[in-house]
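For reference, query02.txt (compact mmCIF, C-alpha atoms):
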# COMPACT_ATOMS: atom_id res chain seq x y z
CA MET A 1379 68.45 98.04 -174.99
CA ALA A 1380 67.33 101.47 -173.79
CA GLY A 1381 68.36 102.63 -170.35
CA LYS A 1382 66.00 103.47 -167.50
CA VAL A 1383 65.58 106.28 -164.99
CA ASP A 1384 65.52 105.21 -161.35
CA VAL A 1385 64.42 107.84 -158.84
CA ILE A 1386 65.73 108.52 -155.35
CA LEU A 1387 63.61 110.86 -153.27
CA GLY A 1388 62.69 111.78 -149.72
CA ALA A 1389 59.62 110.11 -148.26
CA GLN A 1390 59.28 112.45 -145.27
CA TRP A 1391 59.93 116.18 -144.69
CA GLY A 1392 63.39 116.23 -146.23
CA ASP A 1393 66.81 115.67 -144.62
CA GLU A 1394 66.32 111.90 -144.89
CA GLY A 1395 69.82 111.13 -146.14
CA LYS A 1396 69.30 111.09 -149.91
CA GLY A 1397 72.82 112.25 -150.67
CA LYS A 1398 74.38 109.28 -148.92
CA VAL A 1399 72.17 106.79 -150.75
CA VAL A 1400 72.88 108.39 -154.13
CA ASP A 1401 76.60 108.25 -153.38
CA VAL A 1402 76.38 104.56 -152.42
CA VAL A 1403 74.47 103.51 -155.55
CA ALA A 1404 76.13 105.95 -158.01
CA PRO A 1405 78.62 103.37 -159.40
CA HIS A 1406 75.65 101.48 -160.89
CA TYR A 1407 74.59 104.47 -163.03
CA ALA A 1408 76.08 106.39 -165.93
CA VAL A 1409 74.29 109.62 -164.98
CA ILE A 1410 73.15 111.23 -161.72
CA ALA A 1411 70.64 114.03 -162.38
CA ARG A 1412 69.11 116.57 -159.98
CA PHE A 1413 65.53 117.26 -161.03
CA GLN A 1414 64.16 119.98 -158.71
CA GLY A 1415 64.88 122.30 -155.80
CA GLY A 1416 67.81 124.60 -155.32
CA PRO A 1417 70.43 125.63 -152.76
CA ASN A 1418 67.87 125.11 -149.98
CA ALA A 1419 68.89 121.46 -150.30
CA GLY A 1420 71.83 120.11 -148.33
CA HIS A 1421 72.96 116.60 -149.26
CA THR A 1422 75.63 115.39 -146.83
CA LEU A 1423 78.15 112.70 -147.82
CA ILE A 1424 80.82 111.28 -145.52
CA PHE A 1425 83.60 108.96 -146.64
CA ASP A 1426 87.35 108.53 -146.14
CA GLY A 1427 87.09 110.60 -142.97
CA ARG A 1428 85.80 113.72 -144.77
CA LYS A 1429 82.41 115.42 -144.84
CA HIS A 1430 81.00 117.04 -147.96
CA VAL A 1431 77.75 119.02 -148.25
CA LEU A 1432 76.25 119.55 -151.70
CA HIS A 1433 73.52 122.10 -152.38
CA THR A 1434 73.09 122.23 -156.15
CA ILE A 1435 75.60 119.80 -157.64
CA PRO A 1436 74.39 116.15 -157.91
CA SER A 1437 75.75 113.68 -155.38
CA GLY A 1438 77.53 111.54 -157.98
CA VAL A 1439 80.46 113.94 -158.41
CA PHE A 1440 82.70 111.87 -156.16
CA ARG A 1441 82.42 108.81 -158.43
CA PRO A 1442 84.87 108.75 -161.36
CA GLY A 1443 83.31 108.30 -164.79
CA VAL A 1444 79.77 109.25 -163.70
CA TRP A 1445 78.02 112.13 -165.47
CA ASN A 1446 76.23 114.67 -163.28
CA LEU A 1447 73.40 116.76 -164.70
CA VAL A 1448 71.66 119.74 -163.07
CA GLY A 1449 68.22 119.46 -164.65
CA ASN A 1450 65.80 122.09 -165.89
CA GLY A 1451 63.63 121.75 -162.78
CA VAL A 1452 66.42 123.05 -160.55
CA VAL A 1453 66.88 126.73 -159.64
CA ILE A 1454 70.52 127.87 -159.38
CA ASP A 1455 72.15 130.67 -157.42
CA PRO A 1456 75.45 131.33 -159.25
CA VAL A 1457 77.14 132.56 -156.06
CA THR A 1458 76.22 129.44 -154.10
CA PHE A 1459 77.07 127.24 -157.07
CA MET A 1460 80.55 128.70 -157.54
CA GLN A 1461 81.24 128.53 -153.80
CA GLU A 1462 80.33 124.85 -153.92
CA VAL A 1463 82.70 124.33 -156.84
CA LYS A 1464 85.46 126.14 -154.93
CA GLU A 1465 84.99 123.90 -151.89
CA LEU A 1466 85.13 120.79 -154.06
CA ASP A 1467 88.29 122.10 -155.76
CA ALA A 1468 89.85 122.52 -152.31
CA ALA A 1469 88.94 118.91 -151.54
CA GLY A 1470 90.69 117.76 -154.70
CA VAL A 1471 87.49 117.11 -156.67
CA ASP A 1472 87.34 118.72 -160.12
CA VAL A 1473 83.68 118.61 -161.17
CA ARG A 1474 84.13 120.36 -164.52
CA PRO A 1475 84.78 117.33 -166.77
CA ASN A 1476 81.63 115.46 -165.73
CA LEU A 1477 79.18 118.21 -164.72
CA LEU A 1478 76.47 119.44 -167.10
CA ILE A 1479 73.86 122.15 -166.55
CA SER A 1480 70.55 122.36 -168.37
CA ARG A 1481 70.05 125.61 -170.22
CA ARG A 1482 66.43 125.58 -169.06
CA ALA A 1483 67.28 125.72 -165.35
CA HIS A 1484 66.31 129.07 -163.80
CA LEU A 1485 68.66 131.49 -162.06
CA ILE A 1486 68.22 132.92 -158.56
CA LEU A 1487 69.02 136.65 -158.45
CA PRO A 1488 69.98 138.71 -155.38
CA THR A 1489 66.57 140.39 -155.67
CA HIS A 1490 64.91 136.97 -155.39
CA ARG A 1491 66.56 136.49 -152.00
CA ALA A 1492 65.39 139.96 -150.94
CA LEU A 1493 61.83 139.15 -152.06
CA ASP A 1494 61.98 135.92 -150.08
CA GLU A 1495 62.93 137.80 -146.92
CA ALA A 1496 60.21 140.40 -147.49
CA SER A 1497 57.54 137.76 -148.05
CA GLU A 1498 58.50 135.84 -144.92
CA ALA A 1499 58.57 139.02 -142.83
CA ASP A 1500 55.10 140.00 -144.09
CA LYS A 1501 53.67 136.67 -142.90
CA GLY A 1502 54.60 137.36 -139.28
CA GLN A 1503 53.49 134.50 -137.05
CA ALA A 1504 52.18 132.63 -140.11
CA LYS A 1505 55.62 132.36 -141.71
CA ILE A 1506 56.36 129.05 -143.41
CA GLY A 1507 59.98 128.70 -142.29
CA SER A 1508 61.60 129.58 -145.61
CA THR A 1509 65.36 129.09 -145.93
CA LEU A 1510 65.45 132.62 -147.43
CA LYS A 1511 67.51 131.40 -150.39
CA GLY A 1512 65.19 132.99 -152.97
CA ILE A 1513 63.73 129.65 -154.06
CA GLY A 1514 60.03 130.58 -153.91
CA PRO A 1515 60.30 133.93 -155.75
CA THR A 1516 62.41 132.27 -158.46
CA TYR A 1517 59.80 129.59 -159.07
CA MET A 1518 57.14 132.33 -159.04
CA ASP A 1519 58.99 134.14 -161.82
CA LYS A 1520 59.29 130.83 -163.67
CA THR A 1521 55.55 130.17 -163.60
CA GLY A 1522 54.89 133.87 -164.21
CA ARG A 1523 57.01 133.63 -167.39
CA ASN A 1524 59.43 136.30 -166.26
CA GLY A 1525 62.38 134.15 -165.20
CA LEU A 1526 66.02 134.26 -166.21
CA ARG A 1527 67.47 130.94 -167.34
CA VAL A 1528 70.96 129.48 -167.57
CA GLY A 1529 70.75 129.63 -171.36
CA ASP A 1530 70.26 133.39 -171.13
CA LEU A 1531 73.87 133.66 -169.93
CA GLU A 1532 74.93 132.76 -173.48
CA GLN A 1533 72.83 135.50 -175.10
CA PRO A 1534 74.39 138.83 -176.19
CA ASP A 1535 71.59 140.78 -174.47
CA PHE A 1536 71.92 138.97 -171.12
CA ARG A 1537 72.51 142.16 -169.16
CA GLY A 1538 69.35 143.66 -170.64
CA ARG A 1539 67.31 140.61 -169.64
CA TYR A 1540 68.83 140.73 -166.18
CA GLY A 1541 68.04 144.44 -165.85
CA ALA A 1542 64.42 143.94 -166.92
CA LEU A 1543 63.83 141.32 -164.21
CA VAL A 1544 65.55 143.44 -161.56
CA ALA A 1545 63.36 146.41 -162.53
CA LYS A 1546 60.27 144.24 -162.04
CA HIS A 1547 61.48 143.23 -158.57
CA GLU A 1548 62.17 146.84 -157.63
CA ARG A 1549 58.59 147.74 -158.54
CA LEU A 1550 57.43 144.98 -156.20
CA PHE A 1551 59.61 146.36 -153.42
CA ARG A 1552 57.97 149.76 -153.82
CA ILE A 1553 54.46 148.30 -153.87
CA HIS A 1554 55.09 146.49 -150.60
CA ASP A 1555 57.01 149.43 -149.11
CA HIS A 1556 60.02 147.20 -148.70
CA HIS A 1557 63.41 148.68 -149.52
CA PRO A 1558 66.11 146.01 -149.12
CA GLU A 1559 69.80 146.70 -149.61
CA TRP A 1560 70.76 144.15 -152.25
CA ARG A 1561 72.96 146.14 -154.63
CA SER A 1562 76.08 145.30 -152.59
CA GLN A 1563 75.56 141.67 -153.66
CA GLU A 1564 75.18 142.43 -157.36
CA ALA A 1565 78.85 142.54 -158.39
CA GLU A 1566 79.55 139.17 -156.76
CA TRP A 1567 76.47 137.68 -158.42
CA LEU A 1568 77.39 138.95 -161.88
CA ALA A 1569 80.96 137.66 -161.47
CA ALA A 1570 79.68 134.24 -160.42
CA ALA A 1571 77.21 134.17 -163.32
CA GLU A 1572 80.09 134.93 -165.69
CA ALA A 1573 82.18 132.15 -164.08
CA MET A 1574 79.34 129.70 -164.64
CA ARG A 1575 79.83 130.17 -168.37
CA GLY A 1576 82.98 128.08 -168.00
CA PHE A 1577 80.81 125.03 -167.43
CA ARG A 1578 79.11 122.94 -170.08
CA PHE A 1579 75.52 123.98 -170.74
CA VAL A 1580 73.31 121.46 -172.55
CA ASP A 1581 69.76 121.02 -173.72
CA GLY A 1582 69.19 118.64 -170.83
CA ALA A 1583 66.20 116.69 -172.11
CA GLN A 1584 67.85 116.04 -175.47
CA TRP A 1585 71.17 115.05 -173.91
CA LEU A 1586 69.57 112.76 -171.32
CA ASN A 1587 67.29 110.97 -173.77
CA GLU A 1588 70.24 110.37 -176.08
CA ARG A 1589 72.09 108.72 -173.18
CA LEU A 1590 69.04 106.57 -172.44
CA ALA A 1591 68.81 105.56 -176.10
CA GLN A 1592 72.44 104.42 -175.88
CA GLY A 1593 71.54 102.13 -172.97
CA ASP A 1594 72.82 104.27 -170.09
CA ASP A 1595 70.96 104.09 -166.79
CA VAL A 1596 70.14 107.33 -164.96
CA MET A 1597 69.57 108.05 -161.27
CA ALA A 1598 67.24 111.00 -160.73
CA GLU A 1599 68.10 112.70 -157.44
CA GLY A 1600 65.36 114.60 -155.65
CA ALA A 1601 65.70 117.31 -153.02
CA GLN A 1602 63.59 118.07 -149.93
CA GLY A 1603 60.89 115.41 -149.30
CA THR A 1604 57.44 114.22 -150.31
CA MET A 1605 55.69 115.99 -147.45
CA LEU A 1606 57.09 119.28 -148.80
CA ASP A 1607 55.71 118.80 -152.32
CA ILE A 1608 53.86 121.88 -153.57
CA ASP A 1609 50.80 119.79 -154.54
CA PHE A 1610 50.79 116.84 -152.15
CA GLY A 1611 52.67 118.07 -149.08
CA THR A 1612 51.44 119.79 -145.93
CA TYR A 1613 50.44 122.97 -147.77
CA PRO A 1614 51.17 125.86 -147.31
CA PHE A 1615 54.20 124.73 -145.29
CA VAL A 1616 55.88 123.27 -148.36
CA THR A 1617 58.58 124.06 -150.90
CA SER A 1618 57.90 125.57 -154.33
CA SER A 1619 58.47 122.54 -156.56
CA ASN A 1620 57.27 118.98 -157.11
CA THR A 1621 59.47 116.79 -154.94
CA ILE A 1622 57.68 113.55 -155.86
CA SER A 1623 58.66 111.03 -158.54
CA ALA A 1624 56.46 112.70 -161.17
CA GLY A 1625 58.72 115.74 -160.77
CA ALA A 1626 61.58 113.71 -162.24
CA CYS A 1627 59.76 113.60 -165.58
CA SER A 1628 59.05 117.32 -165.76
CA GLY A 1629 62.33 118.29 -164.08
CA LEU A 1630 64.49 116.34 -166.52
CA GLY A 1631 62.39 115.95 -169.66
CA VAL A 1632 61.90 112.18 -169.65
CA GLY A 1633 58.68 110.28 -170.28
CA PRO A 1634 57.01 108.31 -167.47
CA ALA A 1635 57.60 105.02 -169.30
CA ARG A 1636 61.32 105.56 -168.69
CA ILE A 1637 60.94 105.36 -164.89
CA GLY A 1638 62.22 102.13 -163.35
CA LYS A 1639 62.75 101.83 -159.60
CA VAL A 1640 61.55 104.48 -157.18
CA ILE A 1641 63.58 104.42 -153.96
CA GLY A 1642 61.94 106.19 -151.03
CA ILE A 1643 64.34 107.38 -148.32
CA PHE A 1644 63.11 107.67 -144.74
CA LYS A 1645 64.63 107.92 -141.30
CA ALA A 1646 63.86 105.38 -138.58
CA TYR A 1647 62.16 108.37 -136.93
CA CYS A 1648 60.94 111.72 -138.32
CA THR A 1649 62.35 115.23 -138.47
CA ARG A 1650 61.15 118.54 -139.80
CA VAL A 1651 62.80 121.95 -140.21
CA GLY A 1652 60.86 125.17 -139.95
CA SER A 1653 57.14 125.69 -139.42
CA GLY A 1654 54.27 123.38 -140.25
CA PRO A 1655 52.34 120.43 -138.84
CA PHE A 1656 54.22 117.48 -137.37
CA PRO A 1657 51.86 114.98 -135.62
CA THR A 1658 54.56 112.83 -133.97
CA GLU A 1659 56.82 115.66 -132.81
CA LEU A 1660 58.44 115.15 -129.41
CA HIS A 1661 58.81 118.14 -127.09
CA ASP A 1662 60.50 116.18 -124.31
CA ASP A 1663 63.88 114.75 -123.36
CA THR A 1664 63.45 111.90 -125.85
CA GLY A 1665 63.10 114.35 -128.72
CA GLU A 1666 66.21 116.21 -127.56
CA ALA A 1667 68.13 112.92 -127.21
CA ILE A 1668 67.26 111.99 -130.81
CA ARG A 1669 68.34 115.44 -132.00
CA LYS A 1670 71.72 115.13 -130.29
CA ALA A 1671 72.35 111.49 -131.27
CA GLY A 1672 71.36 112.15 -134.87
CA ASN A 1673 73.09 115.55 -135.11
CA GLU A 1674 69.80 116.91 -136.36
CA TYR A 1675 70.79 120.34 -137.56
CA GLY A 1676 70.19 121.56 -141.10
CA ALA A 1677 73.11 120.99 -143.48
CA THR A 1678 72.21 124.21 -145.31
CA THR A 1679 70.80 126.45 -142.56
CA GLY A 1680 72.21 124.96 -139.36
CA ARG A 1681 68.75 125.20 -137.82
CA PRO A 1682 67.86 122.54 -135.22
CA ARG A 1683 65.44 120.01 -136.65
CA ARG A 1684 62.24 119.10 -134.87
CA CYS A 1685 62.28 115.39 -134.01
CA GLY A 1686 59.55 112.78 -133.49
CA TRP A 1687 58.60 109.14 -133.89
CA LEU A 1688 58.16 107.42 -137.25
CA ASP A 1689 54.84 108.29 -138.89
CA LEU A 1690 53.55 105.30 -140.88
CA PRO A 1691 50.36 106.90 -142.31
CA ALA A 1692 52.55 109.64 -143.81
CA LEU A 1693 55.13 107.12 -145.06
CA ARG A 1694 52.41 104.94 -146.59
CA TYR A 1695 50.96 108.02 -148.31
CA ALA A 1696 54.40 108.93 -149.67
CA ALA A 1697 54.89 105.40 -151.00
CA MET A 1698 51.51 105.57 -152.72
CA ILE A 1699 51.85 108.88 -154.56
CA ASN A 1700 55.47 108.20 -155.58
CA GLY A 1701 54.95 104.60 -156.66
CA VAL A 1702 57.81 103.62 -154.34
CA THR A 1703 59.20 100.21 -155.23
CA GLU A 1704 61.73 99.95 -152.41
CA LEU A 1705 62.69 101.80 -149.24
CA ALA A 1706 65.93 102.88 -147.63
CA MET A 1707 65.84 103.32 -143.85
CA MET A 1708 68.39 105.81 -142.56
CA LYS A 1709 69.81 106.47 -139.09
CA ALA A 1710 68.69 103.22 -137.47
CA ASP A 1711 71.74 103.63 -135.24
CA VAL A 1712 70.36 106.86 -133.72
CA LEU A 1713 67.62 104.94 -131.87
CA SER A 1714 70.10 102.36 -130.53
CA GLY A 1715 69.99 101.81 -126.79
CA MET A 1716 66.39 102.92 -126.28
CA PRO A 1717 64.38 100.40 -124.25
CA ARG A 1718 61.40 100.95 -126.55
CA VAL A 1719 60.61 102.80 -129.76
CA ARG A 1720 57.21 104.12 -130.75
CA VAL A 1721 55.62 104.08 -134.18
CA CYS A 1722 52.56 106.06 -135.24
CA THR A 1723 50.27 103.55 -136.95
CA ALA A 1724 47.13 105.68 -137.32
CA TYR A 1725 45.62 109.09 -136.58
CA ARG A 1726 42.68 109.95 -134.36
CA VAL A 1727 40.71 112.81 -135.90
CA HIS A 1728 37.69 114.21 -134.02
CA GLY A 1729 37.36 110.94 -132.12
CA ARG A 1730 37.60 108.69 -135.17
CA GLU A 1731 40.62 106.57 -136.05
CA THR A 1732 42.02 106.53 -139.58
CA THR A 1733 45.09 105.14 -141.31
CA GLY A 1734 44.65 107.53 -144.23
CA PHE A 1735 46.40 110.85 -144.72
CA PRO A 1736 44.05 113.80 -144.11
CA PHE A 1737 43.67 116.99 -146.15
CA ASP A 1738 44.94 119.11 -143.28
CA LEU A 1739 47.25 118.00 -140.47
CA ASP A 1740 45.80 120.44 -137.94
CA ASP A 1741 45.66 120.15 -134.15
CA ALA A 1742 42.68 117.80 -134.42
CA VAL A 1743 45.00 115.10 -135.82
CA GLN A 1744 46.46 113.04 -132.97
CA PRO A 1745 48.87 110.11 -133.45
CA VAL A 1746 47.97 106.57 -132.40
CA TYR A 1747 51.10 104.72 -131.30
CA THR A 1748 52.34 101.14 -131.19
CA ASP A 1749 55.31 100.41 -128.92
CA LEU A 1750 58.07 98.08 -130.11
CA PRO A 1751 61.16 96.74 -128.31
CA GLY A 1752 64.33 98.78 -128.77
CA TRP A 1753 67.67 97.35 -129.84
CA GLY A 1754 71.07 97.34 -128.20
CA PRO A 1755 73.59 100.17 -128.19
CA ALA A 1756 75.95 98.56 -130.73
CA VAL A 1757 74.59 98.11 -134.26
CA ALA A 1758 76.93 96.68 -136.88
CA ASN A 1759 76.26 95.97 -140.54
CA LYS A 1760 75.78 92.25 -139.91
CA PRO A 1761 73.95 90.66 -138.33
CA LEU A 1762 71.31 93.19 -137.30
CA PRO A 1763 69.79 92.76 -133.82
CA ASP A 1764 66.56 90.75 -133.83
CA GLU A 1765 64.68 93.76 -132.46
CA LEU A 1766 65.85 95.95 -135.34
CA GLU A 1767 64.93 93.25 -137.85
CA ALA A 1768 61.48 93.14 -136.24
CA TYR A 1769 61.20 96.94 -136.51
CA ILE A 1770 62.08 96.79 -140.21
CA ALA A 1771 59.59 93.98 -140.80
CA PHE A 1772 56.89 96.01 -139.01
CA VAL A 1773 57.50 98.94 -141.35
CA GLU A 1774 57.58 96.74 -144.45
CA LYS A 1775 54.26 95.13 -143.59
CA ALA A 1776 52.59 98.46 -142.80
CA VAL A 1777 53.81 100.19 -145.98
CA GLY A 1778 53.76 97.18 -148.31
CA VAL A 1779 57.21 97.95 -149.71
CA PRO A 1780 60.51 96.17 -148.94
CA VAL A 1781 63.36 97.93 -147.13
CA ARG A 1782 66.41 97.27 -149.32
CA ILE A 1783 68.91 99.60 -147.67
CA VAL A 1784 69.61 100.18 -143.97
CA SER A 1785 72.01 102.94 -142.93
CA LEU A 1786 73.80 102.38 -139.65
CA GLY A 1787 75.99 105.48 -139.53
CA PRO A 1788 76.98 108.56 -141.54
CA ASP A 1789 79.90 107.01 -143.43
CA ARG A 1790 79.52 105.50 -146.89
CA ALA A 1791 80.77 102.17 -145.50
CA GLU A 1792 78.09 102.01 -142.80
CA THR A 1793 75.41 100.83 -145.17
CA LEU A 1794 73.69 97.44 -145.31
CA MET A 1795 72.23 96.30 -148.63
CA ARG A 1796 69.30 93.91 -148.08
CA GLU A 1797 69.07 92.58 -151.62
CA LYS A 1798 67.05 89.54 -150.53
CA ALA A 1799 64.39 91.54 -148.72
CA ALA A 1800 61.01 90.06 -149.66
CA VAL A 1801 58.07 92.15 -150.80
CA PRO A 1802 55.70 92.00 -147.80
CA ARG A 1803 52.26 90.47 -148.21

As structure tokens, how would this structure be written, given the file I've shared?
Amino acid sequence: MAGKVDVILGAQWGDEGKGKVVDVVAPHYAVIARFQGGPNAGHTLIFDGRKHVLHTIPSGVFRPGVWNLVGNGVVIDPVTFMQEVKELDAAGVDVRPNLLISRRAHLILPTHRALDEASEADKGQAKIGSTLKGIGPTYMDKTGRNGLRVGDLEQPDFRGRYGALVAKHERLFRIHDHHPEWRSQEAEWLAAAEAMRGFRFVDGAQWLNERLAQGDDVMAEGAQGTMLDIDFGTYPFVTSSNTISAGACSGLGVGPARIGKVIGIFKAYCTRVGSGPFPTELHDDTGEAIRKAGNEYGATTGRPRRCGWLDLPALRYAAMINGVTELAMMKADVLSGMPRVRVCTAYRVHGRETTGFPFDLDDAVQPVYTDLPGWGPAVANKPLPDELEAYIAFVEKAVGVPVRIVSLGPDRAETLMREKAAVPR
């Protein structure tokens, strides 16, 4: 019997806790595969008293016997990648035996990072809040058919290909009268690119479909979140790739008929990093309290995250376009002790109320809230407080998708599996 591809992805603006969920469910899969994004991602995993942050490497590397594939839809910075490997080595985790990299994945050059900084500076007050990791320019070269791929590292004329792309970037710098100092980073980048050749490169689509044909199940791990999708997110304040479930097909080379479950990850509240619309954002003491209780600072950038109440129209929209079959609610413990919690159930736009998701989340979009009772300060795995169960049931009914997983803390062990959760009617 052929295997299937289940998808785990963010149903909000990223930082939902995807890494933890992948780590928890990884033992049930033969392969964990990243399908898009790059080192702008930061997947945090905590277990056995240690914290690990992954940026490019899939979150299944801590599970013995599980294959980990970096898919063709991912963009890779060799320097960041090798630093990540070094940190895992120091933690006693050797990723080399079970880590594969698709030859079709694109490489981030030092000049890509410089272009990213130049582009963001040119935008001034209209900047999108880029992580300045070179992600956007790399995807631009990919779609412009100029990119450098992992497979190019194996070619005898690699340095010539590298030089041609750098020359193109230098022409762009001159056109925009931007003269960054990036050459000091070149030697480190070339050394890291050479070190990457010690890893196993594969034709990812071929390898993955062979595993599926042998009956192996695959977990496709997304980065960022649905609301940052280049097509369906809050454009232009989005990332440069397709973060939704359809991106798993193009980012790994599997057909849509292979997709099984789609697990949407969301926090019990909302956060966002960088610029862009955020209807439920809190600018008061409550927002600051959530930030502190949830340690809401970017795992990659360290930037403080903007915090707000749960947005159900956005979550319902995410469930729709991803075909979400089940939900995982993260950080329910962060809201513990609040006398009440608020949930956005609709928007008011130019005086009219709607539960749909509008084309543009501008200042005319105002949240309509429903207040629900809070739950006590102590939340253990079992049994959940009645108020928290009521909160979960409220979300399930509004979205029409069951909540199968509830996270009650950062550690792997602080996870409740609700296998008997009923599909709401």

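Across A:Ile1479, A:Val1448, A:Met1597, A:Leu1526, the tightest approach to A:His1406 is made by A:Met1597 when counting all atoms listed in the file.
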
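Our summary of the geometry notes that atom CA of A:Ala1624 is positioned 9.6 Å from atom CA of A:Val1385.
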
List as JSON, numbers by chain: which residues have an atom within 12 Å of (60.3, 105.0, -127.2), counting only C-alpha atoms? {"A": [1646, 1647, 1658, 1660, 1662, 1663, 1664, 1665, 1667, 1668, 1686, 1687, 1688, 1713, 1714, 1715, 1716, 1717, 1718, 1719, 1720, 1721, 1722, 1747, 1748, 1749, 1750, 1751, 1752, 1753]}

Applying 8 Å and all atoms listed in the file, which residues near A:Gly1642 remain after dropping the ones on its own chain fewer than 3 positions away? List them as an MDAnalysis selection string. chainID A and resid 1386:1389 1697 1702:1706

For the selection just defined, write its residues with C-alpha atoms to a file, as a short mmCIF file (atom, residue, chain, number, x, y, z; two decimals), in the frame of the given file.
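Saved result, result18.cif, follows:
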data_model
loop_
_atom_site.label_atom_id
_atom_site.label_comp_id
_atom_site.auth_asym_id
_atom_site.auth_seq_id
_atom_site.Cartn_x
_atom_site.Cartn_y
_atom_site.Cartn_z
CA ILE A 1386 65.73 108.52 -155.35
CA LEU A 1387 63.61 110.86 -153.27
CA GLY A 1388 62.69 111.78 -149.72
CA ALA A 1389 59.62 110.11 -148.26
CA ALA A 1697 54.89 105.40 -151.00
CA VAL A 1702 57.81 103.62 -154.34
CA THR A 1703 59.20 100.21 -155.23
CA GLU A 1704 61.73 99.95 -152.41
CA LEU A 1705 62.69 101.80 -149.24
CA ALA A 1706 65.93 102.88 -147.63
#

Determine, counting only C-alpha atoms, which protein, DNA and RNA residues have an atom within 10 Å of an atom of A:Tyr1725; residues of the same chain fewer than 2 positions away are not included. Present the result as a PyMOL selection string. chain A and resi 1657+1689-1691+1722-1723+1727-1736+1739+1742-1747

Fewer than 2 positions away in the same chain doesn't count, so skip those; otherwise give me all residues within 8 Å of A:Gly1582, counting all atoms listed in the file, as a PDB file with C-alpha atoms, in the coordinates of the input.
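Full text of out22.pdb as output:
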ATOM      1  CA  LEU A1447      73.400 116.760-164.700  1.00  0.00           C
ATOM      2  CA  GLY A1449      68.220 119.460-164.650  1.00  0.00           C
ATOM      3  CA  ASN A1450      65.800 122.090-165.890  1.00  0.00           C
ATOM      4  CA  ILE A1479      73.860 122.150-166.550  1.00  0.00           C
ATOM      5  CA  SER A1480      70.550 122.360-168.370  1.00  0.00           C
ATOM      6  CA  ARG A1481      70.050 125.610-170.220  1.00  0.00           C
ATOM      7  CA  ARG A1482      66.430 125.580-169.060  1.00  0.00           C
ATOM      8  CA  VAL A1580      73.310 121.460-172.550  1.00  0.00           C
ATOM      9  CA  GLN A1584      67.850 116.040-175.470  1.00  0.00           C
ATOM     10  CA  TRP A1585      71.170 115.050-173.910  1.00  0.00           C
ATOM     11  CA  LEU A1586      69.570 112.760-171.320  1.00  0.00           C
ATOM     12  CA  LEU A1630      64.490 116.340-166.520  1.00  0.00           C
ATOM     13  CA  GLY A1631      62.390 115.950-169.660  1.00  0.00           C
TER      14      GLY A1631
END
